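Novice: Take this structure first; my questions come after.
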Amino acid sequence: QQQVKQSPQSLIVQKGGISIINCAYENTAFDYFPWYQQFPGKGPALLIAIRPDVSEKKEGRFTISFNKSAKQFSLHIMDSQPGDSATYFCAASMNSWGKLQFGAGTQVVVTP
Amino acid sequence: GAVVSQHPSRVICKSGTSVKIECRSLDFQATTMFWYRQFPKQSLMLMATSNEGSKATYEQGVEKDKFLINHASLTLSTLTVTSAHPEDSSFYICSAQLAGGYNEQFFGPGTRLTVL
């Protein structure tokens with residue numbers, strides 16, 4: 001069964017707009033929540049990550065919001081640019097475990 | 001920092017042959033490396049976890065005799081697809097976990113395997 005559920009499956013946003021991708025998890029033992037960006041034919045690249053002791057983390061135009069009680073976290077891409085067009089994956093893991101559980105991915109297309 | 005390389009980036013082979021894919025952490029030591037498989041427009045599927053100096057741990061449904069993994073050093077893991085068949089054609093990606101880090105995994109660029 002999928003331990004991390006990601007939505008939407010795809011997203012089209014205009015240049016300058018905000019892209020929002022949501023993920024939900026069930027396992028309360030997860031304590032590390034990264035987001036990866038993947039371009040076609042390339043490996044995923046770590047974009048930003050958060051731990052459950054904070055509710056928000058911002059790096060440049062990318063922000064993770066984390067809601068521990070709802071077991072949800074989301075990625076916000078502010079001022080979206082055509083170069084942000086890629087597939088984004090959320091993931092979760094436990095420190096004692098190491099393995100990442102990936103969401104299904106969201107294909108983001110930023111139109112000029 | 002935290003660069004992971006894979007070699008080759010692309011390989012085409014005939015059915016029945018074996019193919020070896022190398023994964024190297026270039027600027028850090030990785031006690032644990034992971035091997036993933038990804039089909040078009042799908043998420044990453046973990047195949048196995050590889051720890052330096054010990055046998056790999058395979059995920060359920062992954063044939064260990066078909067996908068041989070060797071983690072010879074803190075910077076090198078290899079995946080050998082034995083007796084490859086067309087259904088093994090896929091995008092194979094490795095990742096390396098920073099030793100002493102908090103689960104951060106850094107991914108290689110992937111290897112596109114096509115079996116004719």
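Chain labels A, B, ... are given in the sequence in which chains occur in the structure tokens; within each chain residues are numbered consecutively from 1, and ligands are likewise numbered from 1 in the order shown.
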Write out as CSV a residue-level contact list of chain B versus chain A with cut-off 6 Å: for each qualifying residue the closest pair of atoms and the distance in Å to one decimal, counting only C-alpha atoms, rows sorted by chain and residue number upward.

Specialist:
residue,atom,partner,partner_atom,distance
B:Ser43,CA,A:Ala104,CA,5.1
B:Asn103,CA,A:Gly98,CA,5.6
B:Phe107,CA,A:Gly43,CA,5.9
B:Gly108,CA,A:Gly43,CA,5.6
B:Pro109,CA,A:Gly43,CA,4.2
B:Gly110,CA,A:Gly43,CA,5.3

Novice: So which residues touch B:Ser25 within 12 Å, counting only C-alpha atoms, skipping near sequence neighbours fewer than 6 positions away, as JSON, numbers by chain?

Specialist: {"B": [1, 2, 3, 4, 5, 6, 7, 31, 32, 33, 34, 71, 73, 74, 75, 76, 77, 78, 94, 95, 96, 97, 98, 99, 105, 106, 107, 108, 109]}

Novice: Next, the residues of the selection above should be written as a PDB file, in the first residue's frame with N, CA and C atoms.

Specialist:
ATOM      1  N   GLY B   1      28.818  19.862  -3.136  1.00  0.00           N
ATOM      2  CA  GLY B   1      29.068  18.620  -2.422  1.00  0.00           C
ATOM      3  C   GLY B   1      27.965  17.605  -2.637  1.00  0.00           C
ATOM      4  N   ALA B   2      28.149  16.367  -2.108  1.00  0.00           N
ATOM      5  CA  ALA B   2      27.167  15.290  -2.169  1.00  0.00           C
ATOM      6  C   ALA B   2      26.807  14.925  -3.605  1.00  0.00           C
ATOM      7  N   VAL B   3      27.833  14.598  -4.371  1.00  0.00           N
ATOM      8  CA  VAL B   3      27.626  14.231  -5.772  1.00  0.00           C
ATOM      9  C   VAL B   3      27.713  12.719  -5.915  1.00  0.00           C
ATOM     10  N   VAL B   4      26.737  12.179  -6.637  1.00  0.00           N
ATOM     11  CA  VAL B   4      26.690  10.749  -6.912  1.00  0.00           C
ATOM     12  C   VAL B   4      26.732  10.545  -8.418  1.00  0.00           C
ATOM     13  N   SER B   5      27.596   9.665  -8.866  1.00  0.00           N
ATOM     14  CA  SER B   5      27.689   9.390 -10.304  1.00  0.00           C
ATOM     15  C   SER B   5      27.236   7.959 -10.592  1.00  0.00           C
ATOM     16  N   GLN B   6      26.795   7.745 -11.809  1.00  0.00           N
ATOM     17  CA  GLN B   6      26.438   6.420 -12.270  1.00  0.00           C
ATOM     18  C   GLN B   6      27.081   6.188 -13.621  1.00  0.00           C
ATOM     19  N   HIS B   7      27.467   4.940 -13.846  1.00  0.00           N
ATOM     20  CA  HIS B   7      28.067   4.597 -15.126  1.00  0.00           C
ATOM     21  C   HIS B   7      27.646   3.192 -15.516  1.00  0.00           C
ATOM     22  N   THR B  31      27.711   4.897   3.823  1.00  0.00           N
ATOM     23  CA  THR B  31      27.618   3.558   4.398  1.00  0.00           C
ATOM     24  C   THR B  31      26.461   2.787   3.776  1.00  0.00           C
ATOM     25  N   THR B  32      25.463   3.509   3.298  1.00  0.00           N
ATOM     26  CA  THR B  32      24.290   2.874   2.714  1.00  0.00           C
ATOM     27  C   THR B  32      23.994   3.461   1.342  1.00  0.00           C
ATOM     28  N   MET B  33      23.763   2.569   0.405  1.00  0.00           N
ATOM     29  CA  MET B  33      23.324   2.979  -0.927  1.00  0.00           C
ATOM     30  C   MET B  33      22.041   2.235  -1.267  1.00  0.00           C
ATOM     31  N   PHE B  34      21.240   2.862  -2.077  1.00  0.00           N
ATOM     32  CA  PHE B  34      19.950   2.286  -2.448  1.00  0.00           C
ATOM     33  C   PHE B  34      19.884   2.184  -3.971  1.00  0.00           C
ATOM     34  N   HIS B  71      28.458  -3.995  -2.638  1.00  0.00           N
ATOM     35  CA  HIS B  71      28.845  -2.694  -2.067  1.00  0.00           C
ATOM     36  C   HIS B  71      30.250  -2.846  -1.511  1.00  0.00           C
ATOM     37  N   SER B  73      32.913  -0.822  -1.272  1.00  0.00           N
ATOM     38  CA  SER B  73      33.607   0.195  -0.490  1.00  0.00           C
ATOM     39  C   SER B  73      32.605   1.269  -0.085  1.00  0.00           C
ATOM     40  N   LEU B  74      33.087   2.226   0.677  1.00  0.00           N
ATOM     41  CA  LEU B  74      32.209   3.302   1.147  1.00  0.00           C
ATOM     42  C   LEU B  74      31.820   4.278   0.050  1.00  0.00           C
ATOM     43  N   THR B  75      32.386   4.087  -1.144  1.00  0.00           N
ATOM     44  CA  THR B  75      32.063   5.004  -2.235  1.00  0.00           C
ATOM     45  C   THR B  75      31.574   4.293  -3.490  1.00  0.00           C
ATOM     46  N   LEU B  76      31.436   2.979  -3.463  1.00  0.00           N
ATOM     47  CA  LEU B  76      31.076   2.252  -4.679  1.00  0.00           C
ATOM     48  C   LEU B  76      30.098   1.119  -4.401  1.00  0.00           C
ATOM     49  N   SER B  77      29.019   1.113  -5.163  1.00  0.00           N
ATOM     50  CA  SER B  77      28.077  -0.003  -5.170  1.00  0.00           C
ATOM     51  C   SER B  77      27.795  -0.347  -6.622  1.00  0.00           C
ATOM     52  N   THR B  78      27.627  -1.639  -6.903  1.00  0.00           N
ATOM     53  CA  THR B  78      27.317  -2.040  -8.270  1.00  0.00           C
ATOM     54  C   THR B  78      26.049  -2.888  -8.300  1.00  0.00           C
ATOM     55  N   CYS B  94      20.511   5.006  -8.563  1.00  0.00           N
ATOM     56  CA  CYS B  94      21.039   4.702  -7.240  1.00  0.00           C
ATOM     57  C   CYS B  94      21.015   5.972  -6.389  1.00  0.00           C
ATOM     58  N   SER B  95      21.056   5.780  -5.092  1.00  0.00           N
ATOM     59  CA  SER B  95      21.222   6.920  -4.193  1.00  0.00           C
ATOM     60  C   SER B  95      22.193   6.529  -3.098  1.00  0.00           C
ATOM     61  N   ALA B  96      22.812   7.517  -2.514  1.00  0.00           N
ATOM     62  CA  ALA B  96      23.776   7.287  -1.439  1.00  0.00           C
ATOM     63  C   ALA B  96      23.377   8.111  -0.238  1.00  0.00           C
ATOM     64  N   GLN B  97      23.455   7.480   0.891  1.00  0.00           N
ATOM     65  CA  GLN B  97      23.072   8.157   2.132  1.00  0.00           C
ATOM     66  C   GLN B  97      24.321   8.628   2.842  1.00  0.00           C
ATOM     67  N   LEU B  98      24.307   9.888   3.240  1.00  0.00           N
ATOM     68  CA  LEU B  98      25.452  10.500   3.890  1.00  0.00           C
ATOM     69  C   LEU B  98      25.729   9.796   5.209  1.00  0.00           C
ATOM     70  N   ALA B  99      26.931   9.267   5.380  1.00  0.00           N
ATOM     71  CA  ALA B  99      27.301   8.601   6.620  1.00  0.00           C
ATOM     72  C   ALA B  99      27.244   9.601   7.765  1.00  0.00           C
ATOM     73  N   GLN B 105      19.350  11.434   1.276  1.00  0.00           N
ATOM     74  CA  GLN B 105      19.792  10.591   0.176  1.00  0.00           C
ATOM     75  C   GLN B 105      20.051  11.470  -1.025  1.00  0.00           C
ATOM     76  N   PHE B 106      21.177  11.207  -1.663  1.00  0.00           N
ATOM     77  CA  PHE B 106      21.550  11.949  -2.857  1.00  0.00           C
ATOM     78  C   PHE B 106      21.581  10.979  -4.024  1.00  0.00           C
ATOM     79  N   PHE B 107      20.889  11.363  -5.083  1.00  0.00           N
ATOM     80  CA  PHE B 107      20.663  10.444  -6.187  1.00  0.00           C
ATOM     81  C   PHE B 107      21.669  10.628  -7.320  1.00  0.00           C
ATOM     82  N   GLY B 108      21.944   9.520  -7.982  1.00  0.00           N
ATOM     83  CA  GLY B 108      22.745   9.555  -9.194  1.00  0.00           C
ATOM     84  C   GLY B 108      21.885   9.996 -10.367  1.00  0.00           C
ATOM     85  N   PRO B 109      22.501  10.190 -11.530  1.00  0.00           N
ATOM     86  CA  PRO B 109      21.772  10.663 -12.709  1.00  0.00           C
ATOM     87  C   PRO B 109      20.958   9.583 -13.404  1.00  0.00           C
TER      88      PRO B 109
END

Novice: If you run DSSP over the backbone, which residues in chain A end up strand (DSSP E or B)? Put them as a tab-separated table (two decimals) with N, CA and C atoms, in the first residue's frame.

Specialist:
chain	number	residue	atom	x	y	z
A	4	VAL	N	2.66	7.13	1.35
A	4	VAL	CA	2.65	8.58	1.15
A	4	VAL	C	1.78	8.87	-0.07
A	5	LYS	N	0.72	9.63	0.14
A	5	LYS	CA	-0.21	9.95	-0.95
A	5	LYS	C	0.02	11.38	-1.40
A	6	GLN	N	0.21	11.56	-2.70
A	6	GLN	CA	0.57	12.86	-3.25
A	6	GLN	C	-0.48	13.31	-4.25
A	7	SER	N	-0.79	14.61	-4.20
A	7	SER	CA	-1.75	15.18	-5.15
A	7	SER	C	-1.38	16.63	-5.43
A	10	SER	N	-0.96	16.15	-11.74
A	10	SER	CA	-0.34	17.11	-12.64
A	10	SER	C	-0.89	18.50	-12.34
A	11	LEU	N	-0.12	19.50	-12.78
A	11	LEU	CA	-0.44	20.87	-12.42
A	11	LEU	C	0.09	21.79	-13.51
A	12	ILE	N	-0.77	22.69	-13.96
A	12	ILE	CA	-0.33	23.70	-14.93
A	12	ILE	C	-0.49	25.06	-14.26
A	13	VAL	N	0.58	25.84	-14.26
A	13	VAL	CA	0.54	27.14	-13.61
A	13	VAL	C	1.20	28.16	-14.53
A	14	GLN	N	0.71	29.37	-14.47
A	14	GLN	CA	1.31	30.43	-15.29
A	14	GLN	C	2.57	30.95	-14.63
A	19	SER	N	2.71	27.32	-7.32
A	19	SER	CA	2.44	25.90	-7.48
A	19	SER	C	2.34	25.30	-6.08
A	20	ILE	N	1.30	24.52	-5.85
A	20	ILE	CA	1.10	23.88	-4.55
A	20	ILE	C	0.89	22.39	-4.73
A	21	ILE	N	1.71	21.61	-4.05
A	21	ILE	CA	1.62	20.16	-4.12
A	21	ILE	C	1.45	19.64	-2.70
A	22	ASN	N	0.53	18.71	-2.53
A	22	ASN	CA	0.20	18.22	-1.21
A	22	ASN	C	0.55	16.75	-1.03
A	23	CYS	N	0.96	16.40	0.18
A	23	CYS	CA	1.22	15.00	0.50
A	23	CYS	C	0.66	14.68	1.87
A	24	ALA	N	0.19	13.43	2.03
A	24	ALA	CA	-0.34	12.96	3.29
A	24	ALA	C	0.30	11.62	3.62
A	25	TYR	N	0.48	11.37	4.90
A	25	TYR	CA	1.09	10.12	5.31
A	25	TYR	C	0.32	9.53	6.48
A	32	TYR	N	11.24	12.48	8.77
A	32	TYR	CA	12.04	13.21	7.78
A	32	TYR	C	11.22	13.26	6.50
A	33	PHE	N	11.02	14.48	5.98
A	33	PHE	CA	10.11	14.68	4.85
A	33	PHE	C	10.81	15.53	3.79
A	34	PRO	N	11.43	14.89	2.79
A	34	PRO	CA	12.10	15.63	1.72
A	34	PRO	C	11.21	15.78	0.48
A	35	TRP	N	11.55	16.75	-0.31
A	35	TRP	CA	10.96	16.92	-1.63
A	35	TRP	C	12.08	16.83	-2.66
A	36	TYR	N	11.78	16.10	-3.74
A	36	TYR	CA	12.75	15.94	-4.80
A	36	TYR	C	12.18	16.50	-6.11
A	37	GLN	N	13.07	17.04	-6.93
A	37	GLN	CA	12.72	17.56	-8.24
A	37	GLN	C	13.40	16.67	-9.28
A	38	GLN	N	12.66	16.25	-10.27
A	38	GLN	CA	13.24	15.39	-11.30
A	38	GLN	C	12.89	15.90	-12.69
A	45	ALA	N	16.66	15.24	-7.65
A	45	ALA	CA	17.57	16.12	-6.90
A	45	ALA	C	16.85	16.60	-5.65
A	46	LEU	N	17.52	16.52	-4.52
A	46	LEU	CA	16.93	16.99	-3.27
A	46	LEU	C	16.70	18.49	-3.34
A	47	LEU	N	15.46	18.88	-3.10
A	47	LEU	CA	15.07	20.29	-3.21
A	47	LEU	C	15.06	20.96	-1.85
A	48	ILE	N	14.35	20.37	-0.93
A	48	ILE	CA	14.18	20.92	0.40
A	48	ILE	C	13.61	19.81	1.27
A	49	ALA	N	13.91	19.86	2.57
A	49	ALA	CA	13.42	18.83	3.47
A	49	ALA	C	13.05	19.45	4.81
A	50	ILE	N	12.17	18.77	5.54
A	50	ILE	CA	11.73	19.28	6.82
A	50	ILE	C	11.63	18.14	7.82
A	56	GLU	N	7.24	25.02	9.25
A	56	GLU	CA	7.49	25.60	7.93
A	56	GLU	C	8.98	25.77	7.72
A	57	LYS	N	9.39	25.56	6.47
A	57	LYS	CA	10.78	25.79	6.11
A	57	LYS	C	10.82	26.42	4.73
A	58	LYS	N	11.61	27.46	4.60
A	58	LYS	CA	11.66	28.19	3.34
A	58	LYS	C	13.09	28.25	2.83
A	59	GLU	N	13.25	27.95	1.54
A	59	GLU	CA	14.55	28.10	0.89
A	59	GLU	C	14.31	28.73	-0.47
A	62	PHE	N	11.05	28.17	-2.62
A	62	PHE	CA	10.43	26.91	-2.21
A	62	PHE	C	10.16	26.91	-0.71
A	63	THR	N	8.93	26.54	-0.34
A	63	THR	CA	8.53	26.49	1.05
A	63	THR	C	7.83	25.17	1.32
A	64	ILE	N	8.21	24.52	2.42
A	64	ILE	CA	7.47	23.35	2.89
A	64	ILE	C	6.62	23.80	4.08
A	65	SER	N	5.35	23.42	4.05
A	65	SER	CA	4.48	23.60	5.21
A	65	SER	C	4.18	22.22	5.76
A	66	PHE	N	4.26	22.09	7.09
A	66	PHE	CA	4.11	20.78	7.72
A	66	PHE	C	3.04	20.86	8.81
A	67	ASN	N	2.06	19.96	8.75
A	67	ASN	CA	0.99	19.90	9.74
A	67	ASN	C	1.03	18.51	10.38
A	72	GLN	N	0.08	15.90	7.25
A	72	GLN	CA	0.15	16.40	5.89
A	72	GLN	C	1.32	17.36	5.76
A	73	PHE	N	1.87	17.43	4.58
A	73	PHE	CA	2.88	18.42	4.29
A	73	PHE	C	2.77	18.83	2.82
A	74	SER	N	3.17	20.02	2.53
A	74	SER	CA	2.99	20.53	1.18
A	74	SER	C	4.20	21.34	0.73
A	75	LEU	N	4.34	21.41	-0.57
A	75	LEU	CA	5.40	22.21	-1.19
A	75	LEU	C	4.75	23.37	-1.93
A	76	HIS	N	5.23	24.57	-1.66
A	76	HIS	CA	4.78	25.77	-2.37
A	76	HIS	C	5.95	26.30	-3.19
A	77	ILE	N	5.71	26.49	-4.47
A	77	ILE	CA	6.72	27.11	-5.33
A	77	ILE	C	6.20	28.49	-5.68
A	86	ALA	N	8.89	20.37	-14.13
A	86	ALA	CA	9.55	19.12	-13.75
A	86	ALA	C	8.54	18.25	-13.02
A	87	THR	N	8.98	17.07	-12.62
A	87	THR	CA	8.16	16.22	-11.76
A	87	THR	C	8.68	16.33	-10.34
A	88	TYR	N	7.77	16.53	-9.42
A	88	TYR	CA	8.14	16.70	-8.01
A	88	TYR	C	7.63	15.51	-7.21
A	89	PHE	N	8.51	14.98	-6.37
A	89	PHE	CA	8.14	13.85	-5.52
A	89	PHE	C	8.29	14.24	-4.05
A	90	CYS	N	7.28	13.95	-3.25
A	90	CYS	CA	7.45	14.04	-1.82
A	90	CYS	C	7.88	12.66	-1.33
A	91	ALA	N	8.46	12.63	-0.15
A	91	ALA	CA	8.90	11.36	0.43
A	91	ALA	C	8.89	11.48	1.95
A	92	ALA	N	9.01	10.33	2.59
A	92	ALA	CA	9.06	10.31	4.05
A	92	ALA	C	9.90	9.12	4.49
A	93	SER	N	10.56	9.27	5.63
A	93	SER	CA	11.33	8.14	6.17
A	93	SER	C	11.47	8.28	7.68
A	101	GLN	N	10.00	6.50	1.51
A	101	GLN	CA	8.72	6.15	0.90
A	101	GLN	C	8.32	7.32	0.02
A	102	PHE	N	8.19	7.11	-1.27
A	102	PHE	CA	7.92	8.19	-2.21
A	102	PHE	C	6.43	8.30	-2.51
A	106	THR	N	4.18	14.55	-8.96
A	106	THR	CA	3.34	15.58	-9.58
A	106	THR	C	4.10	16.23	-10.72
A	107	GLN	N	3.53	16.18	-11.90
A	107	GLN	CA	4.17	16.83	-13.03
A	107	GLN	C	3.69	18.28	-13.09
A	108	VAL	N	4.64	19.18	-12.95
A	108	VAL	CA	4.33	20.61	-12.97
A	108	VAL	C	4.78	21.20	-14.30
A	109	VAL	N	3.87	21.92	-14.93
A	109	VAL	CA	4.19	22.63	-16.16
A	109	VAL	C	3.93	24.11	-15.92
A	110	VAL	N	4.95	24.92	-16.11
A	110	VAL	CA	4.83	26.36	-15.95
A	110	VAL	C	4.80	26.99	-17.34
A	111	THR	N	3.68	27.63	-17.65
A	111	THR	CA	3.54	28.22	-18.99
A	111	THR	C	4.08	29.64	-19.00

Novice: Closest to B:Ser83 among B:Ile12, B:Leu46, B:Tyr58, B:Thr17, using only C-alpha atoms?

Specialist: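 Of all the options, B:Thr17 lies closest to B:Ser83.
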
Novice: As an exercise, work out the distance from atom CA of B:Pro86 to atom CA of B:Arg112 in Å and give it to one decimal place.

Specialist: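 Computed distance, atom CA of B:Pro86 to atom CA of B:Arg112, equals 12.6 Å.
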